[in-house]
Structures are given as structure tokens and as C-alpha cells.
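Visitor: Next comes work38.pdb, PDB, C-alpha atoms, pLDDT in the B column:
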MODEL        1
ATOM      1  CA  MET A  94    -117.216  32.050  21.618  1.00 84.00           C
ATOM      2  CA  SER A  95    -114.623  29.520  22.599  1.00 85.00           C
ATOM      3  CA  LYS A  96    -112.088  27.228  21.056  1.00 82.00           C
ATOM      4  CA  ALA A  97    -113.599  23.889  20.042  1.00 85.00           C
ATOM      5  CA  GLU A  98    -111.597  21.916  22.636  1.00 86.00           C
ATOM      6  CA  VAL A  99    -113.637  23.472  25.448  1.00 87.00           C
ATOM      7  CA  GLU A 100    -116.770  21.668  24.275  1.00 91.00           C
ATOM      8  CA  ASP A 101    -115.316  18.286  25.307  1.00 90.00           C
ATOM      9  CA  ALA A 102    -113.743  19.479  28.579  1.00 85.00           C
ATOM     10  CA  PHE A 103    -115.280  18.000  31.726  1.00 82.00           C
ATOM     11  CA  LEU A 104    -117.559  20.482  33.498  1.00 87.00           C
ATOM     12  CA  LEU A 105    -116.174  23.448  31.539  1.00 85.00           C
ATOM     13  CA  GLY A 106    -117.876  22.235  28.350  1.00 89.00           C
ATOM     14  CA  TRP A 107    -121.174  21.815  30.177  1.00 92.00           C
ATOM     15  CA  LEU A 108    -120.885  25.321  31.656  1.00 91.00           C
ATOM     16  CA  ALA A 109    -120.106  26.760  28.236  1.00 89.00           C
ATOM     17  CA  ASP A 110    -123.111  24.994  26.735  1.00 91.00           C
ATOM     18  CA  GLN A 111    -125.414  26.621  29.291  1.00 91.00           C
ATOM     19  CA  ASN A 112    -124.651  29.968  27.676  1.00 85.00           C
ATOM     20  CA  ARG A 113    -125.013  28.830  24.045  1.00 86.00           C
ATOM     21  CA  THR A 114    -121.273  29.031  23.394  1.00 88.00           C
ATOM     22  CA  LEU A 115    -120.250  29.071  19.751  1.00 87.00           C
ATOM     23  CA  TYR A 116    -117.224  26.794  19.291  1.00 87.00           C
ATOM     24  CA  ILE A 117    -114.513  27.717  16.791  1.00 82.00           C
ATOM     25  CA  GLU A 118    -111.873  25.453  15.244  1.00 79.00           C
ATOM     26  CA  ARG A 119    -108.842  27.715  15.475  1.00 69.00           C
ATOM     27  CA  ALA A 120    -106.557  25.387  13.530  1.00 69.00           C
ATOM     28  CA  GLU A 121    -108.837  25.334  10.464  1.00 65.00           C
ATOM     29  CA  ARG A 122    -107.829  28.519   8.686  1.00 65.00           C
ATOM     30  CA  SER A 123    -109.525  27.240   5.538  1.00 66.00           C
ATOM     31  CA  GLY A 124    -112.820  27.103   7.443  1.00 70.00           C
ATOM     32  CA  ALA A 125    -112.740  30.784   8.446  1.00 77.00           C
ATOM     33  CA  HIS A 126    -115.513  31.720   6.012  1.00 81.00           C
ATOM     34  CA  GLY A 127    -117.842  29.143   7.575  1.00 82.00           C
ATOM     35  CA  GLN A 128    -116.941  30.369  11.058  1.00 82.00           C
ATOM     36  CA  VAL A 129    -117.723  33.948  10.049  1.00 85.00           C
ATOM     37  CA  ARG A 130    -121.096  32.737   8.717  1.00 86.00           C
ATOM     38  CA  ARG A 131    -121.830  30.998  12.055  1.00 85.00           C
ATOM     39  CA  ILE A 132    -121.004  34.216  13.911  1.00 84.00           C
ATOM     40  CA  ALA A 133    -123.289  36.215  11.623  1.00 85.00           C
ATOM     41  CA  ASP A 134    -126.084  33.673  12.194  1.00 86.00           C
ATOM     42  CA  ALA A 135    -125.581  33.875  15.963  1.00 85.00           C
ATOM     43  CA  LEU A 136    -126.070  37.640  15.789  1.00 84.00           C
ATOM     44  CA  ASP A 137    -129.686  37.010  14.746  1.00 82.00           C
ATOM     45  CA  HIS A 138    -130.400  36.004  18.371  1.00 81.00           C
ATOM     46  CA  PRO A 139    -130.904  38.587  21.128  1.00 81.00           C
ATOM     47  CA  GLN A 140    -128.081  37.132  23.251  1.00 83.00           C
ATOM     48  CA  PRO A 141    -124.786  39.077  23.144  1.00 86.00           C
ATOM     49  CA  LEU A 142    -121.855  37.385  21.455  1.00 86.00           C
ATOM     50  CA  THR A 143    -118.342  37.746  22.843  1.00 86.00           C
ATOM     51  CA  ILE A 144    -115.292  37.428  20.616  1.00 84.00           C
ATOM     52  CA  PHE A 145    -111.840  37.280  22.180  1.00 83.00           C
ATOM     53  CA  PRO A 146    -109.735  38.969  19.501  1.00 82.00           C
ATOM     54  CA  GLU A 147    -106.355  37.817  20.805  1.00 83.00           C
ATOM     55  CA  GLY A 148    -107.439  34.224  20.200  1.00 76.00           C
ATOM     56  CA  THR A 149    -105.429  32.918  23.156  1.00 78.00           C
ATOM     57  CA  THR A 150    -104.415  33.736  26.705  1.00 78.00           C
ATOM     58  CA  GLY A 151    -101.521  35.919  27.715  1.00 79.00           C
ATOM     59  CA  ASP A 152     -99.740  37.326  30.727  1.00 81.00           C
ATOM     60  CA  GLY A 153    -102.176  40.219  31.204  1.00 83.00           C
ATOM     61  CA  ARG A 154     -99.399  42.798  30.904  1.00 85.00           C
ATOM     62  CA  THR A 155     -99.410  43.151  27.132  1.00 85.00           C
ATOM     63  CA  LEU A 156    -101.997  42.929  24.414  1.00 88.00           C
ATOM     64  CA  LEU A 157    -101.309  40.171  21.945  1.00 87.00           C
ATOM     65  CA  PRO A 158    -102.003  40.824  18.269  1.00 89.00           C
ATOM     66  CA  PHE A 159    -105.719  40.860  17.500  1.00 89.00           C
ATOM     67  CA  ARG A 160    -107.016  38.502  14.833  1.00 85.00           C
ATOM     68  CA  SER A 161    -109.315  40.300  12.454  1.00 88.00           C
ATOM     69  CA  THR A 162    -110.797  37.323  10.579  1.00 86.00           C
ATOM     70  CA  LEU A 163    -113.728  36.654  12.903  1.00 82.00           C
ATOM     71  CA  LEU A 164    -114.640  40.356  12.995  1.00 88.00           C
ATOM     72  CA  ASP A 165    -115.524  40.055   9.321  1.00 88.00           C
ATOM     73  CA  ALA A 166    -119.024  39.081  10.523  1.00 87.00           C
ATOM     74  CA  VAL A 167    -119.501  42.580  11.981  1.00 89.00           C
ATOM     75  CA  ALA A 168    -117.753  44.691   9.345  1.00 89.00           C
ATOM     76  CA  PRO A 169    -120.226  46.257   8.974  1.00 89.00           C
ATOM     77  CA  PRO A 170    -122.430  45.057  11.828  1.00 88.00           C
ATOM     78  CA  PRO A 171    -125.869  43.722  10.944  1.00 86.00           C
ATOM     79  CA  PRO A 172    -128.922  45.879  11.773  1.00 85.00           C
ATOM     80  CA  ASN A 173    -129.517  46.333  15.505  1.00 82.00           C
ATOM     81  CA  ALA A 174    -126.032  45.056  16.375  1.00 85.00           C
ATOM     82  CA  GLN A 175    -122.995  46.935  17.561  1.00 89.00           C
ATOM     83  CA  VAL A 176    -119.377  46.181  18.357  1.00 92.00           C
ATOM     84  CA  ARG A 177    -118.629  47.158  21.931  1.00 93.00           C
ATOM     85  CA  PRO A 178    -115.242  46.447  23.492  1.00 94.00           C
ATOM     86  CA  VAL A 179    -115.331  45.200  27.077  1.00 93.00           C
ATOM     87  CA  ALA A 180    -112.185  45.545  29.180  1.00 92.00           C
ATOM     88  CA  ILE A 181    -111.820  42.997  31.979  1.00 90.00           C
ATOM     89  CA  ASP A 182    -109.206  44.610  34.204  1.00 90.00           C
ATOM     90  CA  PHE A 183    -107.586  42.612  37.009  1.00 88.00           C
ATOM     91  CA  GLY A 184    -105.351  45.530  37.986  1.00 86.00           C
ATOM     92  CA  GLU A 185    -102.669  44.628  40.531  1.00 86.00           C
ATOM     93  CA  THR A 186    -103.787  40.999  40.786  1.00 88.00           C
ATOM     94  CA  VAL A 187    -103.132  40.314  37.094  1.00 88.00           C
ATOM     95  CA  ASP A 188     -99.815  38.537  37.717  1.00 86.00           C
ATOM     96  CA  SER A 189    -101.333  36.104  40.204  1.00 86.00           C
ATOM     97  CA  ILE A 190    -104.252  35.060  38.011  1.00 85.00           C
ATOM     98  CA  SER A 191    -103.001  35.326  34.433  1.00 86.00           C
ATOM     99  CA  TRP A 192    -102.005  32.272  32.446  1.00 83.00           C
ATOM    100  CA  HIS A 193     -98.305  31.587  32.905  1.00 77.00           C
ATOM    101  CA  SER A 194     -96.164  30.313  30.051  1.00 79.00           C
ATOM    102  CA  GLY A 195     -96.171  26.529  29.844  1.00 84.00           C
ATOM    103  CA  GLU A 196     -98.946  26.193  32.397  1.00 86.00           C
ATOM    104  CA  THR A 197    -101.698  23.672  31.670  1.00 84.00           C
ATOM    105  CA  GLY A 198    -105.361  24.548  32.076  1.00 79.00           C
ATOM    106  CA  ILE A 199    -105.765  22.467  35.219  1.00 83.00           C
ATOM    107  CA  GLU A 200    -102.588  23.971  36.716  1.00 89.00           C
ATOM    108  CA  ASN A 201    -103.974  27.435  36.094  1.00 85.00           C
ATOM    109  CA  VAL A 202    -107.334  26.577  37.673  1.00 85.00           C
ATOM    110  CA  ARG A 203    -105.654  25.087  40.757  1.00 89.00           C
ATOM    111  CA  ARG A 204    -103.344  28.068  41.150  1.00 88.00           C
ATOM    112  CA  VAL A 205    -106.091  30.656  40.765  1.00 88.00           C
ATOM    113  CA  LEU A 206    -108.623  28.844  42.972  1.00 90.00           C
ATOM    114  CA  GLY A 207    -105.929  28.166  45.581  1.00 91.00           C
ATOM    115  CA  ARG A 208    -104.991  31.837  45.786  1.00 89.00           C
ATOM    116  CA  ARG A 209    -105.743  33.545  49.095  1.00 89.00           C
ATOM    117  CA  GLY A 210    -107.501  36.863  49.278  1.00 87.00           C
ATOM    118  CA  ARG A 211    -109.836  38.726  47.015  1.00 88.00           C
ATOM    119  CA  ILE A 212    -109.469  39.248  43.321  1.00 88.00           C
ATOM    120  CA  GLU A 213    -110.807  42.628  42.382  1.00 87.00           C
ATOM    121  CA  VAL A 214    -112.015  42.876  38.834  1.00 90.00           C
ATOM    122  CA  VAL A 215    -113.183  45.998  37.063  1.00 92.00           C
ATOM    123  CA  VAL A 216    -115.309  45.409  33.989  1.00 94.00           C
ATOM    124  CA  ARG A 217    -115.424  48.424  31.699  1.00 94.00           C
ATOM    125  CA  LEU A 218    -118.093  48.549  29.004  1.00 95.00           C
ATOM    126  CA  LEU A 219    -116.439  50.823  26.493  1.00 96.00           C
ATOM    127  CA  GLU A 220    -118.210  52.969  23.952  1.00 96.00           C
ATOM    128  CA  PRO A 221    -119.503  51.110  20.894  1.00 94.00           C
ATOM    129  CA  LEU A 222    -117.178  51.362  17.924  1.00 94.00           C
ATOM    130  CA  GLN A 223    -118.165  53.163  14.776  1.00 92.00           C
ATOM    131  CA  PRO A 224    -119.314  50.737  12.080  1.00 91.00           C
ATOM    132  CA  HIS A 225    -116.594  49.779   9.603  1.00 90.00           C
ATOM    133  CA  VAL A 226    -116.677  47.859   6.368  1.00 93.00           C
ATOM    134  CA  ASP A 227    -112.975  47.128   6.849  1.00 94.00           C
ATOM    135  CA  ARG A 228    -112.498  44.435   9.509  1.00 93.00           C
ATOM    136  CA  LYS A 229    -108.832  45.397   9.958  1.00 94.00           C
ATOM    137  CA  ALA A 230    -109.752  49.004  10.758  1.00 94.00           C
ATOM    138  CA  LEU A 231    -112.360  47.715  13.209  1.00 94.00           C
ATOM    139  CA  THR A 232    -109.729  45.461  14.789  1.00 93.00           C
ATOM    140  CA  ARG A 233    -107.250  48.338  15.173  1.00 94.00           C
ATOM    141  CA  GLU A 234    -109.901  50.547  16.773  1.00 95.00           C
ATOM    142  CA  ALA A 235    -110.928  47.788  19.210  1.00 94.00           C
ATOM    143  CA  ARG A 236    -107.315  47.110  20.185  1.00 94.00           C
ATOM    144  CA  GLN A 237    -106.631  50.783  20.744  1.00 94.00           C
ATOM    145  CA  ALA A 238    -109.744  51.196  22.931  1.00 95.00           C
ATOM    146  CA  LEU A 239    -108.924  48.143  25.041  1.00 93.00           C
ATOM    147  CA  GLY A 240    -105.275  49.117  25.391  1.00 91.00           C
ATOM    148  CA  ALA A 241    -106.269  52.515  26.744  1.00 93.00           C
ATOM    149  CA  ALA A 242    -108.763  51.008  29.213  1.00 93.00           C
ATOM    150  CA  LEU A 243    -106.618  48.333  30.894  1.00 90.00           C
ATOM    151  CA  SER A 244    -104.615  49.447  33.921  1.00 84.00           C
ATOM    152  CA  SER A 245    -102.495  46.278  33.903  1.00 81.00           C
ATOM    153  CA  LEU A 246    -100.767  47.145  30.631  1.00 79.00           C
ATOM    154  CA  LYS A 247     -97.310  48.526  31.238  1.00 61.00           C
ATOM    155  CA  GLY A 248     -94.995  49.681  28.514  1.00 52.00           C
ATOM    156  CA  GLU A 249     -97.531  48.757  25.839  1.00 52.00           C
ATOM    157  CA  THR A 250     -96.482  50.126  22.497  1.00 45.00           C
ATOM    158  CA  GLY A 251     -97.870  50.031  19.015  1.00 45.00           C
ATOM    159  CA  LEU A 252    -101.425  51.020  19.940  1.00 48.00           C
TER     160      LEU A 252
ENDMDL
END
Represent the structure contained in this file as C-alpha cells.
Guide:
Amino acid sequence: MSKAEVEDAFLLGWLADQNRTLYIERAERSGAHGQVRRIADALDHPQPLTIFPEGTTGDGRTLLPFRSTLLDAVAPPPPNAQVRPVAIDFGETVDSISWHSGETGIENVRRVLGRRGRIEVVVRLLEPLQPHVDRKALTREARQALGAALSSLKGETGL
């Protein structure tokens, strides 16, 4: 899943389309029900679907609030589907690759691609979450699991 603006972005939109990206209008809160329906429909395909519950980028040192609305499509999950948090952990390099406040997309790309050295990334496939009928409970459980798995979080509270 991605915000709708990515679809029209040069090269990035094409790359996203190669993976059957589902575009979401984040500003249309009134259209949330339709977006949830599109997510549910996408789950009928064998391809995994990734939802970014923070809904935006951050500094990599704290978890932003998770938005529960889109998880309504998997509360409870349809047959043969599961909710599995995936932690993408940049460890000590998080400060040099995270999105800085006020930085444009192209500025971020230039800074990250212009960085010298390796960027080590650890991808942790966490245990699937227990099915919930309450999307907010599912959201809390996902946030707690991700918070515990990311080494770059320092001083994180409220998990």
C-alpha cells in the first residue's frame, strides 16, 4: 500500500505498479470504508499486502501513533490470511537514512543514495498476531510487537 501521490511520481510510481501497489487517499477520511473494502478485496489474491500503520515517515527513533482504520479489513482476518508484523530495523544507521523534518522526497533520496558505506538492515518477521475482531486491539498488539523488535527505538514509552 502507498499514498495515492506515489502513483503519479516519476519512476517511483512505475516501480510501485510493478508490485500491484494499492493506492490510498489519506486525506479522504470519509472514504475510509471504501479503502477498507479495497484492502479486503486485495486479500483475495495470493500476494502479501503491506500496511504501514504509522501512515507517514518518521525519524526512526520513535514509533508514531498507529492508525487503526485500515486494519478494519483484517479484524478479523479473512480465511487463510494472517496479520504478521515485520520490523525493518536500520540499527545504528537509522539517523543517516531516516526522513528528516522538512526534507522533501527528492532531498531524502539524494542524501540516502549519496551516503558512503554500507547500510545494514535487519528484517524481522515477527510472529503472526492473534485474530481480533477489534481493530484497535489489533493495532495496539502490532505496535507493541514492533516496538519490542526495533533496536533503533530509544526511550520509547507508551507501548
Visitor: Could you tell me which residues the PyMOL selection byres ((chain A and resi 180) around 7) grabs in this file, written as a PyMOL selection string?
Guide: chain A and resi 178-179+181-182+216-218+239+242-243
Visitor: Near Ser194 in chain A, counting only C-alpha atoms, which residues have an atom at most 12 Å away, once you skip same-chain residues fewer than 5 positions from it, shown as an MDAnalysis selection string?
Guide: chainID A and resid 149:153 188 200:201
Visitor: For Glu213 in chain A, which residue out of A:Ile199, A:Val187, A:Val226, A:Ala238 is the nearest one, using all atoms listed in the file?
Guide: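 The answer is A:Val187, which sits nearest to Glu213 in chain A.
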Visitor: Any chance you could work out the residue set of the PyMOL selection byres ((chain A and resi 185) around 12) here, as a list in words?
Guide: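 Expected selection for the PyMOL selection byres ((chain A and resi 185) around 12) here is Gly153, Arg154, Asp182, Phe183, Gly184, Thr186, Val187, Asp188, Ser189, Ile190, Ser191, Arg211, Ile212, Glu213, Val214, Val215, Leu243, Ser244, Ser245, Leu246 and Lys247 of chain A.
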Visitor: Write out as a list of chain:residue names each polymer residue whose atoms come within 7 Å of Pro224 in chain A, counting all atoms listed in the file; drop sequence neighbours fewer than 5 positions from it.
Guide: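 Near neighbours after the sequence-gap exclusion: A:Ala168, A:Pro169, A:Pro170.
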Visitor: Residues of range 124-174 of chain A that have any atom at most 10 Å from an atom of range 96-115 of chain A: could you tabulate them with the shortest-distance atom pair and the distance in Å to one decimal, using all atoms listed in the file, ordered by chain and increasing number, as JSON lines?
Guide:
{"residue": "A:Gln128", "atom": "CA", "partner": "A:Leu115", "partner_atom": "CA", "distance": 9.4}
{"residue": "A:Arg131", "atom": "CA", "partner": "A:Leu115", "partner_atom": "CA", "distance": 8.1}
{"residue": "A:Ile132", "atom": "CA", "partner": "A:Leu115", "partner_atom": "CA", "distance": 7.8}
{"residue": "A:Ala135", "atom": "CA", "partner": "A:Leu115", "partner_atom": "CA", "distance": 8.1}
{"residue": "A:Gln140", "atom": "CA", "partner": "A:Arg113", "partner_atom": "CA", "distance": 8.9}
{"residue": "A:Leu142", "atom": "CA", "partner": "A:Thr114", "partner_atom": "CA", "distance": 8.6}
{"residue": "A:Thr143", "atom": "CA", "partner": "A:Thr114", "partner_atom": "CA", "distance": 9.2}
{"residue": "A:Ile144", "atom": "CA", "partner": "A:Leu115", "partner_atom": "CA", "distance": 9.8}
{"residue": "A:Gly148", "atom": "CA", "partner": "A:Lys96", "partner_atom": "CA", "distance": 8.4}
{"residue": "A:Thr149", "atom": "CA", "partner": "A:Lys96", "partner_atom": "CA", "distance": 9.0}
Visitor: Can you work out the spacing between CA of Thr232 in chain A and CA of His193 in chain A in Å, to one decimal?
Guide: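 Computing the Euclidean distance for CA of Thr232 in chain A and CA of His193 in chain A yields 25.5 Å.
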Visitor: Determine the nearest neighbour of Glu147 in chain A from the options A:Gln223, A:Arg130, A:Pro172, A:Arg233, counting only C-alpha atoms.
Guide: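 Result for the nearest residue to Glu147 in chain A: A:Arg233.
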Visitor: Could you work out how far CA of Arg160 in chain A lies from CA of His138 in chain A, giving the answer in Å with one decimal?
Guide: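 Between these atoms lies a distance of 23.8 Å.
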Visitor: So how many Å separate CA of Ala174 in chain A and CA of Arg228 in chain A, to one decimal?
Guide: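 Atom-to-atom, CA of Ala174 in chain A to CA of Arg228 in chain A, that is 15.2 Å.
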Visitor: Which residues fall under the PyMOL selection byres ((chain A and resi 234) around 12) in this file, as a short mmCIF file (atom, residue, chain, number, x, y, z; two decimals) with C-alpha atoms, in the frame of the given file?
Guide:
data_model
loop_
_atom_site.label_atom_id
_atom_site.label_comp_id
_atom_site.auth_asym_id
_atom_site.auth_seq_id
_atom_site.Cartn_x
_atom_site.Cartn_y
_atom_site.Cartn_z
CA PRO A 146 -109.74 38.97 19.50
CA PHE A 159 -105.72 40.86 17.50
CA SER A 161 -109.32 40.30 12.45
CA LEU A 164 -114.64 40.36 13.00
CA VAL A 176 -119.38 46.18 18.36
CA ARG A 177 -118.63 47.16 21.93
CA PRO A 178 -115.24 46.45 23.49
CA LEU A 219 -116.44 50.82 26.49
CA GLU A 220 -118.21 52.97 23.95
CA PRO A 221 -119.50 51.11 20.89
CA LEU A 222 -117.18 51.36 17.92
CA GLN A 223 -118.16 53.16 14.78
CA PRO A 224 -119.31 50.74 12.08
CA HIS A 225 -116.59 49.78 9.60
CA ASP A 227 -112.98 47.13 6.85
CA ARG A 228 -112.50 44.44 9.51
CA LYS A 229 -108.83 45.40 9.96
CA ALA A 230 -109.75 49.00 10.76
CA LEU A 231 -112.36 47.72 13.21
CA THR A 232 -109.73 45.46 14.79
CA ARG A 233 -107.25 48.34 15.17
CA ALA A 235 -110.93 47.79 19.21
CA ARG A 236 -107.32 47.11 20.18
CA GLN A 237 -106.63 50.78 20.74
CA ALA A 238 -109.74 51.20 22.93
CA LEU A 239 -108.92 48.14 25.04
CA GLY A 240 -105.28 49.12 25.39
CA ALA A 241 -106.27 52.52 26.74
CA LEU A 252 -101.42 51.02 19.94
#
